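Below: protein.cif (mmCIF, C-alpha atoms (C1' of nucleotides))
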```cif
data_protein
loop_
_atom_site.label_atom_id
_atom_site.label_comp_id
_atom_site.auth_asym_id
_atom_site.auth_seq_id
_atom_site.Cartn_x
_atom_site.Cartn_y
_atom_site.Cartn_z
CA MET A 1 0.00 0.00 0.00
CA LYS A 2 1.15 3.46 -0.87
CA VAL A 3 0.93 5.52 2.30
CA SER A 4 1.36 8.92 0.73
CA ASP A 5 1.17 10.13 -2.82
CA GLY A 6 3.92 12.68 -2.41
CA SER A 7 2.17 15.40 -4.37
CA ALA A 8 -0.32 17.30 -2.25
CA VAL A 9 -0.37 16.87 1.50
CA CYS A 10 -3.61 15.15 2.37
CA PRO A 11 -6.13 17.24 4.32
CA SER A 12 -6.20 14.78 7.20
CA ARG A 13 -2.51 15.41 7.80
CA LEU A 14 -3.20 19.10 8.30
CA ILE A 15 -6.03 18.37 10.69
CA LEU A 16 -3.85 15.96 12.61
CA GLU A 17 -1.17 18.64 12.74
CA HIS A 18 -3.61 21.14 14.19
CA MET A 19 -4.87 18.65 16.76
CA THR A 20 -1.44 17.56 17.93
CA SER A 21 0.32 20.90 17.64
CA ARG A 22 2.41 22.06 20.55
CA TRP A 23 -0.30 24.28 22.05
CA GLY A 24 -3.30 22.59 20.47
CA VAL A 25 -2.88 19.56 22.72
CA LEU A 26 -2.76 21.75 25.80
CA VAL A 27 -5.73 23.86 24.71
CA PHE A 28 -7.71 20.66 24.21
CA ALA A 29 -6.65 19.43 27.62
CA ALA A 30 -7.73 22.65 29.31
CA LEU A 31 -11.04 22.97 27.49
CA LEU A 32 -11.94 19.36 28.26
CA GLU A 33 -12.39 20.62 31.81
CA GLY A 34 -14.76 23.41 30.95
CA THR A 35 -15.10 26.88 29.52
CA TYR A 36 -12.30 29.38 29.84
CA ARG A 37 -11.63 32.98 28.98
CA PHE A 38 -8.60 33.97 26.92
CA SER A 39 -6.42 35.04 29.83
CA GLU A 40 -7.59 32.14 31.96
CA LEU A 41 -6.34 29.82 29.24
CA ARG A 42 -3.05 31.67 29.16
CA ARG A 43 -2.66 31.16 32.88
CA GLU A 44 -3.79 27.54 32.70
CA ILE A 45 -1.30 26.74 29.96
CA GLY A 46 2.07 27.89 31.20
CA GLY A 47 4.54 29.52 28.83
CA VAL A 48 2.31 30.22 25.86
CA SER A 49 2.64 33.63 24.21
CA GLU A 50 -0.43 35.68 23.34
CA LYS A 51 0.36 35.28 19.68
CA MET A 52 0.56 31.51 19.74
CA LEU A 53 -2.53 31.10 21.89
CA ALA A 54 -4.56 33.35 19.60
CA GLN A 55 -3.24 31.55 16.54
CA THR A 56 -3.94 28.12 18.00
CA LEU A 57 -7.46 29.07 19.07
CA GLN A 58 -8.25 30.51 15.64
CA THR A 59 -7.02 27.41 13.89
CA LEU A 60 -9.03 25.11 16.14
CA GLU A 61 -12.09 27.34 15.86
CA ARG A 62 -11.85 27.34 12.08
CA ASP A 63 -11.61 23.55 12.07
CA GLY A 64 -14.82 23.42 14.09
CA PHE A 65 -13.24 22.10 17.30
CA VAL A 66 -13.52 25.22 19.44
CA HIS A 67 -16.50 27.48 20.02
CA ARG A 68 -15.75 31.16 20.62
CA GLU A 69 -18.35 33.32 22.30
CA ALA A 70 -17.63 37.05 22.56
CA HIS A 71 -19.81 38.97 24.97
CA PRO A 72 -20.25 42.57 23.81
CA VAL A 73 -19.34 44.25 27.06
CA ILE A 74 -16.63 46.60 28.20
CA PRO A 75 -14.10 45.39 29.08
CA PRO A 76 -14.33 42.58 26.50
CA HIS A 77 -15.23 39.11 27.70
CA VAL A 78 -14.66 36.09 25.46
CA ASP A 79 -15.40 32.50 26.38
CA TYR A 80 -13.85 29.48 24.72
CA SER A 81 -15.27 25.99 24.86
CA LEU A 82 -15.23 22.76 22.86
CA THR A 83 -17.80 21.88 20.25
CA GLU A 84 -19.16 18.36 20.11
CA LEU A 85 -16.62 17.54 17.40
CA GLY A 86 -13.95 19.21 19.50
CA ARG A 87 -14.79 17.10 22.54
CA GLU A 88 -14.38 13.94 20.51
CA ALA A 89 -11.12 15.14 19.02
CA ALA A 90 -9.81 16.35 22.35
CA SER A 91 -10.58 13.12 24.15
CA ARG A 92 -8.76 11.12 21.51
CA VAL A 93 -5.74 13.39 21.47
CA TRP A 94 -5.64 13.45 25.23
CA ALA A 95 -5.84 9.67 25.30
CA LEU A 96 -2.80 9.50 23.03
CA ALA A 97 -0.99 11.98 25.25
CA GLY A 98 -1.91 9.82 28.23
CA TRP A 99 -0.48 6.76 26.52
CA ALA A 100 2.74 8.64 25.84
CA GLU A 101 2.96 9.75 29.44
CA GLU A 102 2.44 6.19 30.68
CA HIS A 103 5.27 4.92 28.53
CA VAL A 104 7.78 7.65 29.32
CA PRO A 105 9.85 5.24 31.44
CA GLN A 106 10.10 2.67 28.65
CA VAL A 107 11.10 5.33 26.13
CA LEU A 108 13.66 6.83 28.48
CA ALA A 109 15.13 3.38 29.04
CA ALA A 110 15.28 2.77 25.30
CA ARG A 111 17.10 6.06 24.80
CA THR A 112 19.64 5.21 27.46
CA GLY A 113 20.35 1.92 25.77
CA TYR A 114 20.60 3.57 22.36
CA ASP A 115 22.97 6.26 23.59
CA ALA A 116 25.13 3.74 25.43
CA ALA A 117 25.48 1.64 22.29
CA ARG A 118 26.53 4.67 20.28
CA ALA A 119 29.01 5.77 22.92
CA ASP A 120 30.75 2.37 22.70
CA ALA A 121 30.94 2.57 18.94
CA SER A 122 32.67 5.94 18.91
CA MET B 1 -5.84 21.63 37.04
CA LYS B 2 -2.64 23.03 35.71
CA VAL B 3 -2.02 21.48 32.33
CA SER B 4 1.54 22.60 31.86
CA ASP B 5 4.11 24.03 34.24
CA GLY B 6 5.63 26.37 31.70
CA SER B 7 9.21 25.71 32.70
CA ALA B 8 10.53 22.51 31.17
CA VAL B 9 8.57 20.82 28.41
CA CYS B 10 7.35 17.53 29.81
CA PRO B 11 8.98 14.42 28.30
CA SER B 12 5.65 13.05 27.10
CA ARG B 13 5.21 16.09 24.87
CA LEU B 14 8.48 15.30 23.10
CA ILE B 15 7.48 11.68 22.65
CA LEU B 16 4.10 12.76 21.28
CA GLU B 17 5.89 15.13 18.93
CA HIS B 18 8.07 12.32 17.62
CA MET B 19 5.08 10.00 17.19
CA THR B 20 2.95 12.54 15.35
CA SER B 21 5.70 14.26 13.39
CA ARG B 22 5.18 14.82 9.68
CA TRP B 23 7.13 11.75 8.60
CA GLY B 24 6.84 9.80 11.83
CA VAL B 25 3.16 9.13 11.18
CA LEU B 26 3.90 7.86 7.68
CA VAL B 27 6.81 5.72 8.83
CA PHE B 28 4.54 4.14 11.43
CA ALA B 29 1.88 3.56 8.82
CA ALA B 30 4.31 1.86 6.48
CA LEU B 31 6.00 -0.28 9.12
CA LEU B 32 2.63 -1.45 10.45
CA GLU B 33 2.46 -3.44 7.22
CA GLY B 34 5.78 -5.15 7.61
CA THR B 35 9.53 -4.80 7.40
CA TYR B 36 11.09 -2.43 4.90
CA ARG B 37 14.54 -1.42 3.74
CA PHE B 38 15.62 2.20 3.74
CA SER B 39 14.99 2.87 0.08
CA GLU B 40 11.80 0.84 0.11
CA LEU B 41 10.53 3.15 2.80
CA ARG B 42 11.55 6.15 0.74
CA ARG B 43 9.57 4.83 -2.17
CA GLU B 44 6.59 3.88 -0.01
CA ILE B 45 6.46 7.32 1.56
CA GLY B 46 6.32 9.77 -1.29
CA GLY B 47 8.21 13.04 -1.12
CA VAL B 48 10.48 12.40 1.85
CA SER B 49 14.13 13.42 1.53
CA GLU B 50 16.92 11.06 2.55
CA LYS B 51 17.85 13.39 5.33
CA MET B 52 14.39 13.59 6.87
CA LEU B 53 13.79 9.86 6.59
CA ALA B 54 17.11 9.06 8.26
CA GLN B 55 16.45 11.61 10.96
CA THR B 56 12.92 10.34 11.61
CA LEU B 57 14.06 6.73 11.74
CA GLN B 58 16.85 7.57 14.16
CA THR B 59 14.51 9.46 16.46
CA LEU B 60 11.97 6.63 16.47
CA GLU B 61 14.70 4.05 16.95
CA ARG B 62 16.14 5.97 19.88
CA ASP B 63 12.70 6.15 21.47
CA GLY B 64 12.43 2.37 21.18
CA PHE B 65 9.67 2.33 18.57
CA VAL B 66 11.68 1.14 15.59
CA HIS B 67 14.08 -1.77 15.32
CA ARG B 68 17.02 -1.35 12.93
CA GLU B 69 18.80 -4.43 11.68
CA ALA B 70 21.91 -3.91 9.54
CA HIS B 71 23.15 -6.95 7.64
CA PRO B 72 26.92 -6.80 7.21
CA VAL B 73 27.00 -7.41 3.48
CA ILE B 74 28.12 -5.47 0.44
CA PRO B 75 26.20 -3.61 -0.76
CA PRO B 76 24.69 -2.68 2.63
CA HIS B 77 21.28 -4.04 3.54
CA VAL B 78 19.32 -2.53 6.44
CA ASP B 79 15.88 -3.63 7.56
CA TYR B 80 13.50 -1.50 9.58
CA SER B 81 10.60 -2.86 11.60
CA LEU B 82 8.48 -1.93 14.61
CA THR B 83 9.25 -3.07 18.11
CA GLU B 84 6.41 -4.25 20.33
CA LEU B 85 6.22 -0.77 21.85
CA GLY B 86 6.34 0.69 18.38
CA ARG B 87 3.44 -1.43 17.20
CA GLU B 88 1.33 -0.19 20.06
CA ALA B 89 2.32 3.42 19.41
CA ALA B 90 1.83 3.10 15.68
CA SER B 91 -1.62 1.57 15.96
CA ARG B 92 -2.76 4.38 18.26
CA VAL B 93 -1.31 7.10 16.07
CA TRP B 94 -2.75 5.51 12.99
CA ALA B 95 -6.14 5.27 14.69
CA LEU B 96 -6.02 8.98 15.39
CA ALA B 97 -5.06 9.67 11.79
CA GLY B 98 -7.98 7.50 10.72
CA TRP B 99 -10.35 9.50 12.91
CA ALA B 100 -9.05 12.72 11.35
CA GLU B 101 -9.55 11.33 7.88
CA GLU B 102 -13.12 10.27 8.67
CA HIS B 103 -13.97 13.75 9.87
CA VAL B 104 -12.38 15.68 7.02
CA PRO B 105 -15.81 16.56 5.59
CA GLN B 106 -17.04 18.00 8.89
CA VAL B 107 -13.87 20.04 9.33
CA LEU B 108 -14.02 21.30 5.77
CA ALA B 109 -17.63 22.33 6.29
CA ALA B 110 -16.71 24.12 9.51
CA ARG B 111 -13.95 26.00 7.71
CA THR B 112 -16.28 27.09 4.97
CA GLY B 113 -18.71 28.45 7.53
CA TYR B 114 -15.93 30.20 9.42
CA ASP B 115 -14.51 31.79 6.29
CA ALA B 116 -17.95 32.88 5.11
CA ALA B 117 -18.66 34.56 8.44
CA ARG B 118 -15.37 36.42 8.30
CA ALA B 119 -15.99 37.52 4.70
CA ASP B 120 -19.27 39.09 5.76
CA ALA B 121 -17.64 40.96 8.60
CA SER B 122 -15.03 42.57 6.38
"C1'" DC C 1 -9.46 42.57 28.32
"C1'" DG C 2 -8.53 40.49 24.11
"C1'" DG C 3 -6.44 40.66 20.75
"C1'" DT C 4 -3.30 42.43 16.14
"C1'" DA C 5 1.13 44.07 13.84
"C1'" DT C 6 5.89 43.96 13.45
"C1'" DC C 7 10.36 42.42 13.94
"C1'" DC C 8 13.85 39.00 14.51
"C1'" DA C 9 16.28 34.67 15.95
"C1'" DA C 10 16.15 29.75 15.69
"C1'" DC C 11 15.33 25.92 13.40
"C1'" DA C 12 13.12 22.58 10.29
"C1'" DC C 13 13.46 21.10 5.88
"C1'" DG C 14 15.05 20.08 1.19
"C1'" DA C 15 18.70 19.83 -2.50
"C1'" DT C 16 23.04 18.54 -3.42
"C1'" DA C 17 27.37 16.41 -3.01
"C1'" DC C 18 30.07 13.09 -0.98
"C1'" DT C 19 31.54 8.48 1.72
"C1'" DG C 20 32.06 3.49 3.45
"C1'" DC D 1 22.78 0.76 -0.76
"C1'" DA D 2 22.53 3.49 3.11
"C1'" DG D 3 23.55 6.89 4.82
"C1'" DT D 4 26.49 11.73 6.39
"C1'" DA D 5 27.97 16.69 5.56
"C1'" DT D 6 27.08 21.06 4.14
"C1'" DC D 7 24.55 24.84 2.66
"C1'" DG D 8 20.60 27.86 1.65
"C1'" DT D 9 15.92 29.04 2.52
"C1'" DG D 10 11.27 29.28 4.31
"C1'" DT D 11 8.62 28.81 8.21
"C1'" DT D 12 7.94 28.86 13.21
"C1'" DG D 13 7.60 30.99 17.32
"C1'" DG D 14 8.63 34.47 20.93
"C1'" DA D 15 9.19 39.44 22.50
"C1'" DT D 16 7.55 43.75 22.08
"C1'" DA D 17 4.54 47.39 21.08
"C1'" DC D 18 0.26 48.99 19.94
"C1'" DC D 19 -5.16 49.16 19.19
"C1'" DG D 20 -10.48 48.81 19.96
#
```

Could you rewrite the structure in this file as C-alpha cells?
Amino acid sequence: MKVSDGSAVCPSRLILEHMTSRWGVLVFAALLEGTYRFSELRREIGGVSEKMLAQTLQTLERDGFVHREAHPVIPPHVDYSLTELGREAASRVWALAGWAEEHVPQVLAARTGYDAARADAS
Amino acid sequence: MKVSDGSAVCPSRLILEHMTSRWGVLVFAALLEGTYRFSELRREIGGVSEKMLAQTLQTLERDGFVHREAHPVIPPHVDYSLTELGREAASRVWALAGWAEEHVPQVLAARTGYDAARADAS
DNA sequence: CGGTATCCAACACGATACTG
DNA sequence: CAGTATCGTGTTGGATACCG
C-alpha cells in the first residue's frame, strides 16, 4: 500500500497537525475541563505567548473544534469551549498523550540503551 | 488543574511530537504493514528526503519504537521494523489519523462556515 | 481585556554532493 | 545501498509594542 502520494499533503494530515500541535494539545486538555476565557487559558497553559494562543485558538475554531463566544461588554469578555466535534477530538488526542505519558519510562530506558550503544561505537 | 508548568517541556510532549511528526506518522503507517529497507521506505512514503527519513528513523529508533537491523554485506542491507512498543504506538497514532480522515468533511464544512462569516464581517 | 502588527532569531526542511 | 555533511531558505515561534 502506498501511504502517501507525495504530491499534495492530504487534508487529514493538516487536521492531525492542528490537533497535535504544541499548544493545540494543551488547549484541548484545558477545554476538556470546561469553559475558559482567553487570559484564563493563558494562565492555565504555562509559557504560551499571546500570539501563539490566539493563533492556535483561531485554527481550532476554524476547524470546528472550538467554540468562541464574545460577549459585547466593556471590558471585553470572550469565552472558549469545545464543540461536540472538539470534545471527541480532544478526548482522543488526550488519550494518546496519556499513553505517551504512561510509557515515558520505557522510552527513556530505550534512549539510554541507544545512547550507550553509540558511545561504545565511537 | 494546571495542564503545563511552563518551565521545562514535559517528556511526554516530546514523545508525542516524535510520534505525530510529519514523517513519523507515515513511517509508522508503512512499518505497520511489515519490514522495509531504507529505500523501500523512501519509495513507499512519497516526497520524503533522505535526510528527513534518516532523521525520523533515528529518532523513532532511539525512542524504542523502531528496530534497525543492519546486515553486514556489500552492498549494505538494512531492515526496519516496529518493536512491540512501536506497534502499540503506531496503531494508536494511525487510529487517530484514521479518525481525522473520517472527519475531514465535517472540518471542511466548519472552515467554509468560518470563512464565510469572516468575509461578511469585512 | 482580548487581541493584532511587526520584527527577529532559531530551526526545520530540502537539495546537493560526498563516503564506506 | 545506506547513509552523512554542508549549505541555503522558508517557516515557526517568541518578544515587544500597539489598538479597539

Here's the selection I'm unsure about, the PyMOL selection byres ((chain D) within 10 of (chain A)); applied to the file above, which residues does it give, as a ChimeraX atom specification? /D:13-15,20

Starting from the shown file, work through the PyMOL selection byres ((chain A) within 10 of (chain C)) and note down what comes out as number ranges by chain. A: 37-39, 50-51, 54, 70, 74-78

Determine the residue set returned by the PyMOL selection byres ((chain A) within 8 of (chain B)) for the present structure, and present it as number ranges by chain. A: 1-7, 11-13, 15-17, 20, 22, 26, 29-30, 44-48, 62-64, 92-93, 96-97, 100-101, 104, 106-108, 110-111, 114-115

So how far away is C1' of DC7 (chain D) from CA of Tyr80 (chain B), in Å? 29.4 Å

Separation of CA of Leu57 (chain A) and CA of Trp23 (chain A), in Å?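 CA of Trp23 (chain A) lies 9.1 Å from CA of Leu57 (chain A).
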
Taking all atoms of region 54-62 of chain B that the file lists and extending 8 Å past them on each side, where is the centre of the axis-aligned box and how long are its edges? Answer in Å to one decimal, as JSON.
```
{"center_x": 14.5, "center_y": 7.8, "center_z": 14.1, "size_x": 21.1, "size_y": 23.6, "size_z": 27.6}
```

Could you tell me how far CA of Asp120 (chain A) lies from CA of Arg68 (chain B), in Å and to one decimal?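 Going from CA of Asp120 (chain A) over to CA of Arg68 (chain B) covers 17.3 Å.
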
Of the listed residues A:Gln55, A:Tyr36, A:Ser91, A:His67, that which approaches His18 (chain A) most closely, counting all atoms listed in the file: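 Of the candidates, the smallest distance to His18 (chain A) is held by A:Gln55.
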